[in-house]
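Listing of entry_7.cif, mmCIF, C-alpha atoms
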```cif
data_protein
#
loop_
_atom_site.label_atom_id
_atom_site.label_comp_id
_atom_site.auth_asym_id
_atom_site.auth_seq_id
_atom_site.Cartn_x
_atom_site.Cartn_y
_atom_site.Cartn_z
CA MET A 1 -35.94 -32.16 -14.71
CA LYS A 2 -35.74 -29.98 -11.61
CA LYS A 3 -37.28 -26.52 -11.49
CA GLN A 4 -34.91 -23.69 -12.42
CA ILE A 5 -33.75 -21.62 -9.44
CA LYS A 6 -34.65 -17.92 -9.55
CA LEU A 7 -33.15 -15.84 -6.76
CA ASP A 8 -36.16 -13.55 -6.43
CA GLU A 9 -38.58 -16.49 -6.27
CA ILE A 10 -36.95 -18.37 -3.40
CA ASP A 11 -36.62 -17.34 0.25
CA LYS A 12 -33.78 -14.99 0.86
CA ILE A 13 -30.59 -16.97 1.46
CA GLN A 14 -28.91 -15.91 4.66
CA ASN A 15 -25.29 -15.03 5.25
CA ILE A 16 -23.42 -18.15 6.36
CA PHE A 17 -20.43 -16.62 8.08
CA ASP A 18 -20.21 -16.76 11.82
CA THR A 19 -17.71 -15.28 14.29
CA PRO A 20 -15.96 -16.73 17.35
CA GLN A 21 -17.96 -16.29 20.54
CA GLY A 22 -17.57 -12.85 22.12
CA TYR A 23 -15.61 -11.54 19.14
CA PHE A 24 -17.56 -8.28 18.85
CA ASP A 25 -17.28 -7.62 22.59
CA GLY A 26 -13.49 -7.44 22.37
CA LEU A 27 -13.10 -5.77 18.97
CA PRO A 28 -13.55 -2.13 20.10
CA GLN A 29 -10.78 -2.55 22.70
CA GLN A 30 -8.50 -4.15 20.10
CA ILE A 31 -9.05 -1.19 17.80
CA GLN A 32 -8.46 1.33 20.61
CA LYS A 33 -5.17 -0.40 21.42
CA GLN A 34 -4.05 -0.12 17.80
CA ILE A 35 -5.05 3.54 17.63
CA GLN A 36 -2.84 4.32 20.61
CA GLN A 37 0.31 3.07 18.84
CA PRO A 38 -0.14 3.86 15.15
CA GLN A 39 3.06 5.74 14.27
CA LYS A 40 5.51 3.04 15.27
CA GLN A 41 3.67 0.54 13.17
CA ALA A 42 3.41 2.82 10.15
CA VAL A 43 7.20 3.22 9.95
CA TRP A 44 7.71 -0.54 10.28
CA GLN A 45 5.19 -1.24 7.54
CA LEU A 46 6.83 1.30 5.24
CA SER A 47 10.16 -0.46 5.57
CA LEU A 48 8.58 -3.80 4.75
CA LYS A 49 6.62 -2.82 1.68
CA PRO A 50 8.28 -4.26 -1.44
CA LYS A 51 6.88 -1.40 -3.53
CA TYR A 52 8.95 1.13 -1.57
CA ALA A 53 11.98 -1.16 -1.50
CA LEU A 54 11.85 -1.41 -5.30
CA VAL A 55 11.61 2.36 -5.67
CA ALA A 56 14.55 2.85 -3.28
CA ALA A 57 16.64 0.24 -5.10
CA SER A 58 15.90 1.84 -8.49
CA PHE A 59 16.85 5.22 -7.07
CA VAL A 60 20.19 3.89 -5.80
CA VAL A 61 20.96 2.26 -9.18
CA LEU A 62 20.06 5.47 -11.01
CA LEU A 63 22.20 7.46 -8.60
CA ILE A 64 25.22 5.21 -9.22
CA PHE A 65 24.80 5.43 -13.00
CA GLY A 66 24.25 9.18 -12.75
CA VAL A 67 27.43 9.74 -10.76
CA LYS A 68 29.41 7.50 -13.14
CA PHE A 69 28.08 9.34 -16.17
CA LEU A 70 28.86 12.73 -14.67
CA LEU A 71 32.42 11.70 -13.82
CA SER A 72 33.07 10.32 -17.31
CA THR A 73 31.78 13.47 -19.02
CA GLN A 74 33.97 15.58 -16.74
CA ILE A 75 37.11 13.64 -17.74
CA ASP A 76 36.17 13.93 -21.42
CA GLY A 77 35.73 17.63 -20.93
CA GLU A 78 39.21 17.97 -19.43
CA GLN A 79 40.75 15.99 -22.26
CA ILE A 80 39.02 18.16 -24.85
CA THR A 81 40.20 21.31 -23.10
CA LEU A 82 43.88 20.15 -23.11
CA ALA A 83 43.68 19.18 -26.75
CA GLU A 84 42.51 22.64 -27.62
CA VAL A 85 45.64 24.31 -26.14
CA SER A 86 48.24 24.92 -28.80
CA GLU A 87 51.86 23.86 -28.35
CA GLN A 88 53.02 27.43 -28.64
CA GLN A 89 50.84 28.36 -25.70
CA ILE A 90 52.25 25.47 -23.67
CA ARG A 91 55.81 26.56 -24.47
CA GLN A 92 55.03 30.13 -23.51
CA TYR A 93 53.53 28.95 -20.24
CA LEU A 94 56.53 26.76 -19.43
CA LEU A 95 58.99 29.56 -20.13
CA GLN A 96 57.09 31.93 -17.89
CA ASP A 97 56.89 29.29 -15.20
CA GLY A 98 60.70 28.87 -14.99
CA VAL A 99 60.91 25.42 -16.51
CA HIS A 100 64.45 24.27 -17.31
CA GLU A 101 65.72 24.75 -20.84
CA HIS A 102 66.51 21.04 -21.25
CA ASP A 103 62.91 20.18 -20.62
CA LEU A 104 61.88 22.77 -23.13
CA MET A 105 64.27 21.25 -25.62
CA ASP A 106 62.67 17.82 -25.04
CA LEU A 107 59.29 19.30 -25.58
CA TYR A 108 60.46 20.99 -28.74
CA ILE A 109 61.91 17.74 -30.10
CA GLN A 110 58.75 15.86 -29.27
CA SER A 111 56.56 18.48 -30.90
CA THR A 112 58.61 18.73 -34.07
CA ASN A 113 58.89 14.95 -34.43
CA ASN A 114 55.28 14.23 -33.53
CA GLY A 115 55.50 10.54 -34.37
CA GLN A 116 57.80 11.04 -37.41
CA GLU A 117 61.49 10.36 -37.70
CA LYS A 118 63.88 12.69 -35.89
CA SER A 119 65.15 15.65 -37.90
CA GLU A 120 68.83 16.05 -38.62
CA GLU A 121 69.11 18.93 -36.19
CA ALA A 122 67.61 16.81 -33.43
CA ILE A 123 69.99 13.95 -34.10
CA ILE A 124 72.94 16.33 -33.90
CA THR A 125 71.62 17.79 -30.63
CA ASP A 126 71.36 14.30 -29.22
CA GLU A 127 74.89 13.49 -30.26
CA ILE A 128 76.20 16.70 -28.68
CA LEU A 129 74.33 15.86 -25.48
CA GLU A 130 75.65 12.31 -25.42
CA THR A 131 79.29 12.94 -26.37
CA GLU A 132 80.39 16.46 -25.64
CA ILE A 133 78.71 17.31 -22.39
CA ASP A 134 80.26 15.89 -19.30
CA ILE A 135 77.91 14.85 -16.53
CA ASP A 136 80.08 16.62 -13.93
CA GLU A 137 79.76 19.83 -15.90
CA ILE A 138 75.98 19.50 -15.92
CA GLU A 139 75.96 18.93 -12.20
CA GLU A 140 77.99 22.08 -11.72
CA LEU A 141 75.60 24.02 -13.88
CA LEU A 142 72.72 22.81 -11.82
CA MET B 1 -25.09 12.36 56.92
CA ALA B 2 -23.18 13.05 53.70
CA GLN B 3 -20.49 10.62 54.80
CA ALA B 4 -23.10 7.95 55.36
CA GLN B 5 -24.51 8.50 51.87
CA ASN B 6 -21.04 8.12 50.32
CA GLN B 7 -20.52 4.86 52.12
CA ALA B 8 -23.84 3.61 50.78
CA ILE B 9 -22.72 4.04 47.17
CA PRO B 10 -21.41 0.71 45.89
CA LYS B 11 -17.71 0.70 45.01
CA GLN B 12 -18.32 -0.45 41.41
CA ALA B 13 -20.24 2.72 40.54
CA SER B 14 -17.33 4.98 41.46
CA GLY B 15 -14.80 2.95 39.44
CA GLY B 16 -14.27 2.80 35.65
CA THR B 17 -13.61 5.47 33.08
CA LEU B 18 -16.10 8.08 31.93
CA SER B 19 -16.57 6.37 28.61
CA GLN B 20 -17.21 3.00 30.24
CA LYS B 21 -19.86 4.53 32.45
CA MET B 22 -21.48 6.37 29.56
CA SER B 23 -21.40 3.49 27.10
CA ALA B 24 -23.14 1.36 29.68
CA LYS B 25 -26.05 3.77 29.54
CA ILE B 26 -26.19 4.61 25.83
CA ASN B 27 -27.14 2.13 23.18
CA PRO B 28 -24.76 2.90 20.29
CA VAL B 29 -27.22 1.67 17.67
CA ALA B 30 -29.80 4.19 18.84
CA LEU B 31 -27.38 7.08 18.62
CA GLU B 32 -27.70 9.24 15.49
CA ASP B 33 -24.64 9.45 13.24
CA LYS B 34 -24.66 13.25 13.44
CA GLU B 35 -24.44 13.09 17.21
CA LEU B 36 -21.67 10.53 17.04
CA ILE B 37 -19.66 12.73 14.70
CA ALA B 38 -20.25 15.81 16.83
CA ARG B 39 -19.01 13.95 19.91
CA PHE B 40 -16.03 12.63 17.96
CA LYS B 41 -15.03 16.15 16.91
CA ASP B 42 -14.99 17.22 20.55
CA VAL B 43 -11.57 16.20 21.90
CA ASP B 44 -12.97 15.44 25.36
CA THR B 45 -15.48 12.86 24.10
CA ARG B 46 -13.53 11.60 21.08
CA ASN B 47 -12.52 8.19 22.43
CA TYR B 48 -15.94 7.54 23.85
CA ALA B 49 -17.71 8.54 20.62
CA PHE B 50 -15.41 6.39 18.54
CA ASN B 51 -16.00 3.44 20.81
CA LEU B 52 -19.74 3.86 20.24
CA LEU B 53 -19.20 4.18 16.50
CA VAL B 54 -17.24 0.93 16.40
CA ARG B 55 -19.92 -0.82 18.44
CA LYS B 56 -22.62 0.49 16.12
CA TYR B 57 -21.02 -0.55 12.83
CA GLN B 58 -18.57 -3.36 13.62
CA GLU B 59 -20.91 -6.20 12.72
CA ARG B 60 -22.03 -4.74 9.40
CA ILE B 61 -18.49 -3.87 8.39
CA TYR B 62 -17.16 -7.25 9.54
CA HIS B 63 -19.71 -9.18 7.50
CA HIS B 64 -19.25 -6.95 4.48
CA VAL B 65 -15.54 -7.74 4.55
CA ARG B 66 -15.97 -11.40 5.46
CA LYS B 67 -18.11 -12.06 2.39
CA MET B 68 -15.28 -10.68 0.28
CA VAL B 69 -12.21 -12.30 1.87
CA ILE B 70 -13.90 -15.39 3.42
CA ASP B 71 -11.22 -16.04 6.04
CA HIS B 72 -11.99 -14.87 9.61
CA ASP B 73 -8.41 -13.85 10.46
CA ASP B 74 -8.04 -11.78 7.30
CA THR B 75 -11.42 -10.20 8.03
CA ASP B 76 -10.36 -9.42 11.59
CA ASP B 77 -7.19 -7.65 10.38
CA LEU B 78 -9.07 -5.73 7.72
CA THR B 79 -11.89 -4.68 10.03
CA GLN B 80 -9.39 -3.26 12.51
CA GLU B 81 -7.57 -1.50 9.67
CA ILE B 82 -10.82 -0.01 8.40
CA PHE B 83 -11.73 1.45 11.79
CA ILE B 84 -8.20 2.81 12.26
CA LYS B 85 -8.57 4.56 8.90
CA ALA B 86 -11.97 5.82 10.01
CA TRP B 87 -10.36 7.24 13.17
CA LYS B 88 -7.80 9.09 11.06
CA GLY B 89 -10.29 10.33 8.49
CA LEU B 90 -13.32 11.11 10.58
CA GLU B 91 -12.06 14.50 11.69
CA ASN B 92 -12.18 15.68 8.08
CA PHE B 93 -15.47 13.93 7.35
CA ARG B 94 -17.69 16.60 5.80
CA GLU B 95 -21.03 14.84 6.23
CA GLU B 96 -21.83 15.17 2.55
CA SER B 97 -22.40 11.44 2.58
CA GLN B 98 -23.88 9.26 5.29
CA LEU B 99 -21.47 7.88 7.88
CA PHE B 100 -22.30 4.27 7.10
CA THR B 101 -21.82 4.69 3.32
CA TRP B 102 -18.50 6.38 4.04
CA LEU B 103 -17.47 3.44 6.23
CA TYR B 104 -18.63 1.01 3.56
CA ARG B 105 -16.51 2.87 1.01
CA VAL B 106 -13.43 2.57 3.21
CA ALA B 107 -14.21 -1.11 3.77
CA SER B 108 -14.83 -1.85 0.09
CA ASN B 109 -11.58 -0.17 -0.93
CA GLU B 110 -9.69 -2.13 1.70
CA CYS B 111 -11.18 -5.39 0.44
CA ILE B 112 -10.32 -4.68 -3.20
CA THR B 113 -6.79 -3.58 -2.25
CA PHE B 114 -6.34 -6.72 -0.13
CA LEU B 115 -7.47 -9.03 -2.93
CA GLU B 116 -5.38 -7.22 -5.54
CA LYS B 117 -2.34 -7.44 -3.29
CA LYS B 118 -2.94 -11.14 -2.84
CA LYS B 119 -3.10 -11.55 -6.60
CA ARG B 120 0.12 -9.58 -7.14
CA ARG B 121 1.99 -11.46 -4.43
CA PHE B 122 2.05 -14.55 -6.65
CA PHE B 123 3.62 -13.91 -10.03
CA LEU B 124 2.72 -17.28 -11.52
CA PRO B 125 -0.61 -17.28 -13.38
CA ILE B 126 -1.27 -20.75 -11.96
CA HIS B 127 -2.14 -19.15 -8.67
CA ASP B 128 -5.74 -18.12 -8.62
CA VAL B 129 -7.06 -16.07 -5.71
CA LYS B 130 -10.61 -17.18 -6.46
CA LYS B 131 -9.56 -20.82 -6.18
CA GLU B 132 -7.86 -20.03 -2.90
CA LEU B 133 -11.02 -18.41 -1.53
CA LEU B 134 -13.10 -21.33 -2.75
CA SER B 135 -10.83 -23.84 -1.08
CA LYS B 136 -11.06 -21.83 2.14
CA LEU B 137 -14.83 -21.97 1.90
CA ASN B 138 -14.69 -25.73 1.31
CA SER B 139 -12.39 -26.28 4.26
CA MET B 140 -14.76 -24.28 6.44
CA THR B 141 -17.69 -26.49 5.50
CA SER B 142 -15.74 -29.66 6.12
CA ASN B 143 -14.66 -28.35 9.51
CA LYS B 144 -17.77 -26.89 11.07
CA SER B 145 -15.85 -25.53 14.04
CA ILE B 146 -14.31 -22.77 11.90
CA HIS B 147 -17.03 -20.18 12.21
CA VAL B 148 -19.32 -21.01 9.36
CA THR B 149 -22.92 -22.04 9.48
CA GLY B 150 -25.16 -22.76 6.59
CA GLU B 151 -27.20 -25.19 4.59
CA GLU B 152 -26.41 -26.60 1.21
CA ILE B 153 -28.13 -23.86 -0.82
CA GLU B 154 -26.39 -21.14 1.18
CA MET B 155 -23.02 -22.70 0.54
CA LYS B 156 -23.80 -23.11 -3.15
CA LEU B 157 -24.74 -19.45 -3.31
CA GLN B 158 -21.45 -18.42 -1.71
CA LYS B 159 -19.52 -20.54 -4.21
CA ALA B 160 -21.46 -19.01 -7.08
CA ILE B 161 -20.78 -15.49 -5.77
CA LEU B 162 -17.06 -16.26 -5.68
CA GLN B 163 -17.10 -16.74 -9.44
CA LEU B 164 -17.97 -13.07 -9.95
CA PRO B 165 -15.36 -10.33 -10.42
CA ASN B 166 -14.49 -8.54 -7.17
CA LYS B 167 -16.42 -5.34 -7.82
CA GLN B 168 -19.49 -7.24 -8.98
CA ARG B 169 -19.29 -9.32 -5.80
CA LEU B 170 -19.39 -6.10 -3.79
CA VAL B 171 -22.43 -4.94 -5.74
CA PHE B 172 -24.25 -8.23 -5.28
CA ASN B 173 -23.46 -8.49 -1.57
CA MET B 174 -24.56 -4.93 -0.81
CA LYS B 175 -27.82 -5.33 -2.70
CA TYR B 176 -28.75 -8.90 -1.82
CA PHE B 177 -27.49 -9.30 1.76
CA ASP B 178 -27.37 -5.72 3.06
CA ASP B 179 -30.51 -4.45 1.29
CA MET B 180 -28.83 -1.22 0.28
CA THR B 181 -30.44 1.08 -2.25
CA TYR B 182 -28.71 1.75 -5.55
CA GLU B 183 -28.21 5.36 -4.47
CA GLN B 184 -26.37 4.26 -1.34
CA MET B 185 -24.31 1.80 -3.35
CA SER B 186 -23.52 4.57 -5.78
CA GLU B 187 -22.14 6.65 -2.90
CA VAL B 188 -20.05 3.72 -1.72
CA LEU B 189 -18.58 2.65 -5.05
CA GLY B 190 -18.62 5.94 -6.93
CA THR B 191 -20.47 4.28 -9.83
CA SER B 192 -23.65 5.47 -11.49
CA VAL B 193 -26.98 3.98 -10.46
CA GLY B 194 -27.59 2.70 -14.00
CA ALA B 195 -24.26 0.87 -14.10
CA LEU B 196 -24.96 -0.67 -10.69
CA LYS B 197 -28.40 -1.90 -11.79
CA ALA B 198 -26.86 -3.52 -14.85
CA SER B 199 -24.06 -5.03 -12.78
CA TYR B 200 -26.49 -6.51 -10.24
CA HIS B 201 -28.74 -7.87 -12.99
CA HIS B 202 -25.79 -9.64 -14.64
CA ALA B 203 -24.57 -10.93 -11.29
CA VAL B 204 -27.98 -12.48 -10.55
CA LYS B 205 -28.04 -14.12 -14.00
CA LYS B 206 -24.57 -15.59 -13.51
CA ILE B 207 -25.41 -16.87 -10.03
CA GLU B 208 -28.68 -18.45 -11.16
CA GLU B 209 -26.87 -20.12 -14.05
CA SER B 210 -24.25 -21.47 -11.68
CA LEU B 211 -26.85 -22.74 -9.20
CA ASN B 212 -28.90 -24.41 -11.94
CA LYS B 213 -25.81 -26.00 -13.49
CA GLU B 214 -25.00 -27.67 -10.18
CA GLN B 215 -28.60 -28.87 -9.88
CA ILE B 216 -28.57 -30.84 -13.15
#
```
Whole structure, structure tokens version:
Amino acid sequence: MKKQIKLDEIDKIQNIFDTPQGYFDGLPQQIQKQIQQPQKQAVWQLSLKPKYALVAASFVVLLIFGVKFLLSTQIDGEQITLAEVSEQQIRQYLLQDGVHEHDLMDLYIQSTNNGQEKSEEAIITDEILETEIDIDEIEELL
Amino acid sequence: MAQAQNQAIPKQASGGTLSQKMSAKINPVALEDKELIARFKDVDTRNYAFNLLVRKYQERIYHHVRKMVIDHDDTDDLTQEIFIKAWKGLENFREESQLFTWLYRVASNECITFLEKKKRRFFLPIHDVKKELLSKLNSMTSNKSIHVTGEEIEMKLQKAILQLPNKQRLVFNMKYFDDMTYEQMSEVLGTSVGALKASYHHAVKKIEESLNKEQI
């Protein structure tokens, strides 16, 4: 059996790595050259780094989702606000705003029906509108 | 008379930059670090002082990096990067630590970052950076023209060192090859002297085990 190797008992093992001939003569100039144009390179490296690309991509995705979320909550908000306005208030507003009586009548019918069958009064009004009122007369009125 | 004296001066002496003329006279190794830093902080002599600094430390830094990344081209890139960082950071260097330990710290951090990056670049666990470094070492020995010299035991030692974790490799290299004190190593790595002693002791044990295993 061979003798066990102990690092402190054998001659110091030398570094094995060598360099190309004249390498250290040219290195200071190489470094000086790089120092003279550092900024241009720094920007280029920044654009290449996948770490930064990933951060930028995540930011864009978050931005898109953020904008989408904000828009959807705004629409919901508008819908809630309209739902809160009572029909009486709407009628009042329309009257003040000079809306035609016929339109107001339609609105009234819609609001009183509200998905149910038409009332007798509404049916009669419809009949009057269909049979007794002449279109020419309406045009004159307008 | 004065005109005659001017004509007698050889043309070469009047040419060249100030730094070229001065660096021809001054041996950078002999120059004290304090003096180098003082000259660097003076805008007029900055380039010249930095040139001397590079000349003084380039070989030590190169070999420190080369032992970590093995490949000459990678070492070349990293060495240049280290000195560029030194150029940027030297103005704020407060001389609380020695210049060479500060440079070693920059170099060690660059090496660790480089190896970590290499590891992260390949997502598959199959890829092993250590294996890659080992195969580079093997290819260098089979092709003697690629800047590697060494006998069998030296090569075995390098292969054994490659089995160590990166930080332990740094510790072993600084102690064994560069003869640094634990205090200096502590400045470089920011680790306590006790922890470094333990790390080196374990590294030696692992390396001896590896060398003896190959011998059987």
message: Here's the selection I'm unsure about, the PyMOL selection byres ((chain B) within 9 of (chain A)); applied to the file above, which residues does it give, as a ChimeraX atom specification?
response: /B:47,50-52,54-55,58-59,63,66-67,70,72,76,79-81,83-84,87,146-151,153-155,157-158,176-177,204-205,207-209,211-212,215-216
- request: Extract, using all atoms listed in the file, all DNA, RNA and protein residues at most 8 Å from Met185 of chain B, discarding same-chain residues fewer than 2 positions from it, and format them as JSON, numbers by chain.
  value: {"B": [101, 171, 174, 175, 180, 181, 182, 183, 187, 188, 189, 190, 191, 193, 196]}
Selection from above, C-alpha atoms, as a CSV table (one decimal), keeping the file's coordinate frame, can you write it?
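Dumped everything to out04.csv:
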```
chain,number,residue,atom,x,y,z
B,101,THR,CA,-21.8,4.7,3.3
B,171,VAL,CA,-22.4,-4.9,-5.7
B,174,MET,CA,-24.6,-4.9,-0.8
B,175,LYS,CA,-27.8,-5.3,-2.7
B,180,MET,CA,-28.8,-1.2,0.3
B,181,THR,CA,-30.4,1.1,-2.2
B,182,TYR,CA,-28.7,1.8,-5.6
B,183,GLU,CA,-28.2,5.4,-4.5
B,187,GLU,CA,-22.1,6.6,-2.9
B,188,VAL,CA,-20.0,3.7,-1.7
B,189,LEU,CA,-18.6,2.6,-5.0
B,190,GLY,CA,-18.6,5.9,-6.9
B,191,THR,CA,-20.5,4.3,-9.8
B,193,VAL,CA,-27.0,4.0,-10.5
B,196,LEU,CA,-25.0,-0.7,-10.7
```
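Proximity ranking of B:Asp33, B:Lys41, B:Lys117, B:Asp71 relative to Glu132 of chain B places B:Asp71 first, based on all atoms listed in the file.
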field: Picked residues, the PyMOL selection byres ((chain B and resi 89-100) around 10), as a PyMOL selection string
entry: chain B and resi 32-34+36-38+40-42+46+50+53+56-57+60-61+83-88+101-106+184+187-188
message: Can you measure atom CA of Gln36 of chain A to atom CA of Asp77 of chain B for me? One decimal in Å is fine.
response: 16.3 Å
task: Could you jot down the atom CA of Val129 of chain B to atom CA of Lys197 of chain B separation for me, Å, one decimal place?
output: 26.3 Å
- request: Quote the spacing between atom CA of Asp11 of chain A and atom CA of Leu170 of chain B in Å to one decimal place.
  value: 21.0 Å
